[in-house]
>>> print(open('structure_6.pdb').read())   # PDB, C-alpha atoms
ATOM      1  CA  LEU P  14      -2.201  -3.627  15.166
ATOM      2  CA  LYS P  15      -5.760  -3.404  16.472
ATOM      3  CA  GLN P  16      -5.418  -6.758  18.233
ATOM      4  CA  GLY P  17      -2.134  -5.719  19.834
ATOM      5  CA  THR P  18      -0.139  -8.606  18.370
ATOM      6  CA  MET P  19       1.945  -6.157  16.364
ATOM      7  CA  ARG P  20       3.082  -2.615  17.167
ATOM      8  CA  LEU P  21       4.250   0.256  14.980
ATOM      9  CA  ASP P  22       7.686   0.185  16.607
ATOM     10  CA  ASP P  23       8.181  -3.576  16.117
ATOM     11  CA  GLU P  24      11.340  -4.277  14.163
ATOM     12  CA  VAL P  25      11.178  -6.513  11.100
ATOM     13  CA  THR P  26      14.102  -8.088   9.274
ATOM     14  CA  VAL P  27      14.018  -8.141   5.481
ATOM     15  CA  SER P  28      14.332 -11.747   4.350
ATOM     16  CA  ASP P  29      16.773 -12.739   1.641
ATOM     17  CA  ASP P  30      13.836 -14.151  -0.310
ATOM     18  CA  ALA P  31      11.824 -10.909  -0.173
ATOM     19  CA  TRP P  32      14.864  -8.923  -1.256
ATOM     20  CA  ARG P  33      15.755 -11.363  -4.052
ATOM     21  CA  ASN P  34      12.212 -11.380  -5.469
ATOM     22  CA  TRP P  35      11.286  -7.707  -5.038
ATOM     23  CA  ASN P  36      14.503  -5.665  -5.106
ATOM     24  CA  ASN P  37      13.923  -2.897  -7.673
ATOM     25  CA  ARG P  38      10.836  -4.629  -9.056
ATOM     26  CA  GLY P  39       8.375  -1.870  -9.771
ATOM     27  CA  SER P  40       8.030   0.822  -7.126
ATOM     28  CA  THR P  41      10.283   0.164  -4.188
ATOM     29  CA  MET P  42      11.239   1.318  -0.725
ATOM     30  CA  PHE P  43      14.833   0.251  -1.518
ATOM     31  CA  LEU P  44      14.970  -2.279   1.307
ATOM     32  CA  ARG P  45      18.098  -4.400   1.500
ATOM     33  CA  ALA P  46      18.383  -8.021   2.531
ATOM     34  CA  ARG P  47      18.649  -8.312   6.309
ATOM     35  CA  ASP P  48      17.793  -4.633   6.888
ATOM     36  CA  THR P  49      15.913  -4.059  10.113
ATOM     37  CA  VAL P  50      12.930  -1.766   9.633
ATOM     38  CA  THR P  51       9.946  -0.851  11.818
ATOM     39  CA  VAL P  52       6.353  -1.681  11.029
ATOM     40  CA  ALA P  53       5.650   2.090  10.847
ATOM     41  CA  ASP P  54       8.408   2.508   8.251
ATOM     42  CA  LEU P  55       7.012  -0.397   6.228
ATOM     43  CA  LEU P  56       3.523   1.114   6.301
ATOM     44  CA  ARG P  57       4.875   4.435   5.051
ATOM     45  CA  GLY P  58       6.903   2.577   2.445
ATOM     46  CA  ILE P  59       3.694   0.948   1.239
ATOM     47  CA  ILE P  60       1.411   3.975   1.472
ATOM     48  CA  VAL P  61       3.669   6.853   0.413
ATOM     49  CA  LEU P  62       6.277   5.107  -1.739
ATOM     50  CA  SER P  63       4.146   2.277  -3.201
ATOM     51  CA  GLY P  64       6.895  -0.130  -2.156
ATOM     52  CA  ASN P  65       6.262  -3.588  -3.550
ATOM     53  CA  ASP P  66       9.157  -4.818  -1.417
ATOM     54  CA  ALA P  67       7.646  -3.316   1.740
ATOM     55  CA  CYS P  68       4.330  -5.102   1.086
ATOM     56  CA  VAL P  69       6.015  -8.493   0.935
ATOM     57  CA  VAL P  70       8.259  -7.863   3.954
ATOM     58  CA  LEU P  71       5.268  -6.837   6.085
ATOM     59  CA  ALA P  72       3.242  -9.799   4.780
ATOM     60  CA  GLU P  73       6.014 -12.214   5.767
ATOM     61  CA  HIS P  74       6.270 -10.607   9.186
ATOM     62  CA  MET P  75       2.544 -10.808   9.829
ATOM     63  CA  ALA P  76       1.859 -14.309   8.510
ATOM     64  CA  GLY P  77       5.212 -16.094   8.534
ATOM     65  CA  SER P  78       5.203 -16.381   4.750
ATOM     66  CA  HIS P  79       4.040 -14.401   1.764
ATOM     67  CA  GLN P  80       1.773 -17.240   0.625
ATOM     68  CA  THR P  81       0.060 -17.551   4.012
ATOM     69  CA  PHE P  82      -0.565 -13.794   4.011
ATOM     70  CA  VAL P  83      -2.155 -14.031   0.551
ATOM     71  CA  GLU P  84      -4.506 -16.714   1.907
ATOM     72  CA  TRP P  85      -5.402 -14.399   4.815
ATOM     73  CA  LEU P  86      -5.873 -11.535   2.370
ATOM     74  CA  ASN P  87      -8.363 -13.489   0.283
ATOM     75  CA  ALA P  88     -10.294 -14.537   3.401
ATOM     76  CA  LYS P  89     -10.388 -10.930   4.655
ATOM     77  CA  ALA P  90     -11.620  -9.727   1.266
ATOM     78  CA  ILE P  91     -14.582 -12.088   1.547
ATOM     79  CA  ASP P  92     -15.259 -10.908   5.123
ATOM     80  CA  LEU P  93     -15.351  -7.306   3.890
ATOM     81  CA  GLY P  94     -17.768  -8.150   1.067
ATOM     82  CA  MET P  95     -15.165  -7.736  -1.678
ATOM     83  CA  ASN P  96     -16.682 -10.374  -3.922
ATOM     84  CA  ASP P  97     -14.992  -9.380  -7.185
ATOM     85  CA  SER P  98     -11.389  -9.624  -6.035
ATOM     86  CA  HIS P  99      -8.840 -12.399  -5.760
ATOM     87  CA  PHE P 100      -5.241 -11.908  -4.706
ATOM     88  CA  GLU P 101      -2.154 -13.837  -5.778
ATOM     89  CA  ASN P 102       0.337 -11.606  -3.941
ATOM     90  CA  ALA P 103       0.495  -8.930  -1.252
ATOM     91  CA  ASN P 104       1.385  -5.974  -3.452
ATOM     92  CA  GLY P 105      -0.858  -6.077  -6.510
ATOM     93  CA  TRP P 106       1.870  -7.129  -8.920
ATOM     94  CA  PRO P 107       0.261  -8.574 -12.061
ATOM     95  CA  ALA P 108      -0.272 -12.319 -11.825
ATOM     96  CA  GLU P 109      -2.607 -14.841 -13.413
ATOM     97  CA  GLY P 110      -5.886 -14.769 -11.466
ATOM     98  CA  HIS P 111      -5.033 -11.595  -9.506
ATOM     99  CA  VAL P 112      -7.983  -9.208  -9.882
ATOM    100  CA  MET P 113      -9.636  -6.383  -7.971
ATOM    101  CA  SER P 114     -12.734  -4.486  -9.021
ATOM    102  CA  ALA P 115     -13.140  -0.728  -8.642
ATOM    103  CA  ARG P 116     -16.119  -1.342  -6.344
ATOM    104  CA  ASP P 117     -14.030  -3.600  -4.100
ATOM    105  CA  LEU P 118     -11.266  -1.008  -4.019
ATOM    106  CA  ALA P 119     -13.840   1.580  -2.903
ATOM    107  CA  THR P 120     -15.133  -0.845  -0.259
ATOM    108  CA  LEU P 121     -11.601  -1.339   1.055
ATOM    109  CA  SER P 122     -11.018   2.427   1.040
ATOM    110  CA  VAL P 123     -14.097   3.054   3.179
ATOM    111  CA  HIS P 124     -13.062   0.338   5.648
ATOM    112  CA  LEU P 125      -9.573   1.792   5.971
ATOM    113  CA  SER P 126     -10.887   5.247   6.847
ATOM    114  CA  ARG P 127     -13.506   3.944   9.297
ATOM    115  CA  ASP P 128     -11.590   1.102  10.925
ATOM    116  CA  PHE P 129      -8.171   2.750  11.278
ATOM    117  CA  PRO P 130      -8.711   6.449  12.046
ATOM    118  CA  ASP P 131      -5.468   6.576  14.022
ATOM    119  CA  LEU P 132      -3.417   5.290  11.065
ATOM    120  CA  TYR P 133      -5.377   6.962   8.280
ATOM    121  CA  PRO P 134      -3.349  10.221   8.399
ATOM    122  CA  MET P 135      -0.448   8.267   6.864
ATOM    123  CA  PHE P 136      -2.386   8.285   3.582
ATOM    124  CA  ALA P 137      -2.154  12.095   3.501
ATOM    125  CA  GLU P 138       1.620  12.173   3.978
ATOM    126  CA  ARG P 139       3.095  13.760   0.895
ATOM    127  CA  GLU P 140       6.714  12.753   1.426
ATOM    128  CA  TYR P 141       8.655   9.994   3.135
ATOM    129  CA  ILE P 142      12.389   9.392   3.009
ATOM    130  CA  TYR P 143      13.760   6.009   4.030
ATOM    131  CA  LYS P 144      17.508   5.900   4.712
ATOM    132  CA  ASP P 145      18.288   8.891   2.472
ATOM    133  CA  PHE P 146      16.829   7.275  -0.659
ATOM    134  CA  ARG P 147      15.584  10.545  -2.112
ATOM    135  CA  SER P 148      14.818   9.237  -5.598
ATOM    136  CA  ASN P 149      11.516   7.701  -4.467
ATOM    137  CA  ARG P 150      10.146   9.954  -1.764
ATOM    138  CA  PHE P 151       6.922  11.644  -2.854
ATOM    139  CA  ASN P 152       3.380  10.386  -2.619
ATOM    140  CA  ARG P 153       2.024  10.193  -6.174
ATOM    141  CA  ASN P 154      -1.551  11.097  -5.199
ATOM    142  CA  PRO P 155      -2.272  14.177  -7.338
ATOM    143  CA  LEU P 156      -5.036  15.441  -5.038
ATOM    144  CA  LEU P 157      -3.008  15.810  -1.836
ATOM    145  CA  GLY P 158      -2.424  19.479  -1.112
ATOM    146  CA  ARG P 159      -4.410  20.518  -4.183
ATOM    147  CA  PHE P 160      -7.962  19.594  -3.277
ATOM    148  CA  PRO P 161      -9.542  20.772   0.005
ATOM    149  CA  GLY P 162     -10.087  17.838   2.352
ATOM    150  CA  ALA P 163      -8.103  15.313   0.278
ATOM    151  CA  ASP P 164      -6.484  12.898   2.704
ATOM    152  CA  GLY P 165      -5.760   9.728   0.766
ATOM    153  CA  LEU P 166      -5.655   7.184  -0.511
ATOM    154  CA  LYS P 167      -3.465   5.320  -2.998
ATOM    155  CA  THR P 168      -2.212   5.396  -6.559
ATOM    156  CA  GLY P 169      -1.307   2.424  -8.672
ATOM    157  CA  HIS P 170       0.198   1.590 -12.015
ATOM    158  CA  THR P 171       0.935  -1.539 -13.996
ATOM    159  CA  GLU P 172       1.354  -2.025 -17.723
ATOM    160  CA  GLU P 173      -1.650  -4.382 -17.648
ATOM    161  CA  SER P 174      -4.125  -2.089 -15.894
ATOM    162  CA  GLY P 175      -2.777   1.396 -16.570
ATOM    163  CA  TYR P 176      -2.752   4.209 -14.026
ATOM    164  CA  GLY P 177      -5.270   4.225 -11.210
ATOM    165  CA  LEU P 178      -6.270   6.144  -8.118
ATOM    166  CA  ALA P 179      -8.336   5.431  -5.058
ATOM    167  CA  ALA P 180      -8.925   8.907  -3.644
ATOM    168  CA  SER P 181     -10.651  10.108  -0.528
ATOM    169  CA  ALA P 182     -11.581  13.456   0.898
ATOM    170  CA  GLU P 183     -13.473  14.610   3.937
ATOM    171  CA  ARG P 184     -15.297  17.898   4.346
ATOM    172  CA  GLU P 185     -17.668  18.894   7.109
ATOM    173  CA  GLY P 186     -17.781  15.329   8.425
ATOM    174  CA  ARG P 187     -18.664  13.767   5.063
ATOM    175  CA  ARG P 188     -16.197  11.440   3.369
ATOM    176  CA  LEU P 189     -16.238  10.740  -0.353
ATOM    177  CA  VAL P 190     -14.259   8.014  -2.088
ATOM    178  CA  LEU P 191     -13.423   7.959  -5.784
ATOM    179  CA  VAL P 192     -11.849   5.077  -7.698
ATOM    180  CA  VAL P 193     -10.604   5.410 -11.274
ATOM    181  CA  GLY P 194      -8.502   3.018 -13.307
ATOM    182  CA  GLY P 195      -7.319   2.140 -16.763
ATOM    183  CA  LEU P 196      -5.878   5.600 -17.361
ATOM    184  CA  THR P 197      -3.034   6.115 -19.821
ATOM    185  CA  SER P 198      -0.730   8.497 -17.911
ATOM    186  CA  THR P 199      -0.043  10.298 -14.664
ATOM    187  CA  ASN P 200      -1.435  13.450 -16.290
ATOM    188  CA  GLU P 201      -4.703  11.733 -17.091
ATOM    189  CA  ARG P 202      -4.839  10.399 -13.520
ATOM    190  CA  ALA P 203      -4.346  13.938 -12.172
TER     191      ALA P 203
END
>>> encode(input="structure_6.pdb", output="structure tokens")
Amino acid sequence: LKQGTMRLDDEVTVSDDAWRNWNNRGSTMFLRARDTVTVADLLRGIIVLSGNDACVVLAEHMAGSHQTFVEWLNAKAIDLGMNDSHFENANGWPAEGHVMSARDLATLSVHLSRDFPDLYPMFAEREYIYKDFRSNRFNRNPLLGRFPGADGLKTGHTEESGYGLAASAEREGRRLVLVVGGLTSTNERA
């Protein structure tokens, strides 16, 4: 987006492969094979809905294939100084060798807020509805709307790592980032 090779209103077609592999697998945006969806919708599907399917569809669009995107992702992690992370997929789904440290997640969080101030407000969106799928529509970040200045960032959950949160808040020009993981429930995360 920054380089201008992709725009928020670009339309992306959901590949049969992405649908087959990620349809209803974990959190989803409920994309269907051959749906046409904008980059902005995919970003909201990733950020607000935690859509594993949206991550893969956007990765394929950006890199031509999911695997090529994962290679780019690992290279970018090194560029950002994320030395304790290695990615096997675009969405964080558990896989052998797929790891990310809390420190690296905090590093990524800081970069997102600094490098993409025009897109960062998406992380504070509390609700997003894609094509009337109302069953998965709320941002799971427990701080949004409850903590002054909270404006992001992302929740996560897998059986392997438990419940996690990368949170951010800004007050009086100062941004703080908090990363917690390994929690046992959404209540504990809150």
>>> residues_around(input="structure_6.pdb", residues="Arg38 in chain P", least_positions_apart="4", cutoff="8 Å", atoms="all atoms listed in the file", output="PyMOL selection string")
chain P and resi 34+65-66
>>> closest_atom_pairs(input="structure_6.pdb", of="range 121-159 of chain P", to="range 173-195 of chain P", cutoff="8 Å", atoms="only C-alpha atoms", output="Markdown table")
| residue | atom | partner | partner_atom | distance |
| --- | --- | --- | --- | --- |
| P:Ser122 | CA | P:Val190 | CA | 7.2 |
| P:Val123 | CA | P:Val190 | CA | 7.2 |
| P:Asn154 | CA | P:Leu178 | CA | 7.4 |
| P:Leu156 | CA | P:Ala180 | CA | 7.7 |
>>> residues_around(input="structure_6.pdb", residues="Ala31 in chain P", least_positions_apart="4", cutoff="7 Å", atoms="all atoms listed in the file", output="MDAnalysis selection string")
chainID P and resid 27 35 66 69:70
>>> atom_distance(input="structure_6.pdb", atom1="CA of Gly17 in chain P", atom2="CA of Phe129 in chain P")
13.5 Å
>>> residues_around(input="structure_6.pdb", residues="range 42-58 of chain P", least_positions_apart="2", cutoff="8 Å", atoms="all atoms listed in the file", output="ChimeraX atom specification")
/P:20-29,31-33,36-37,40,60-68,70-71,135,141,143,146,149
>>> atom_distance(input="structure_6.pdb", atom1="CA of Arg153 in chain P", atom2="CA of Lys167 in chain P")
8.0 Å
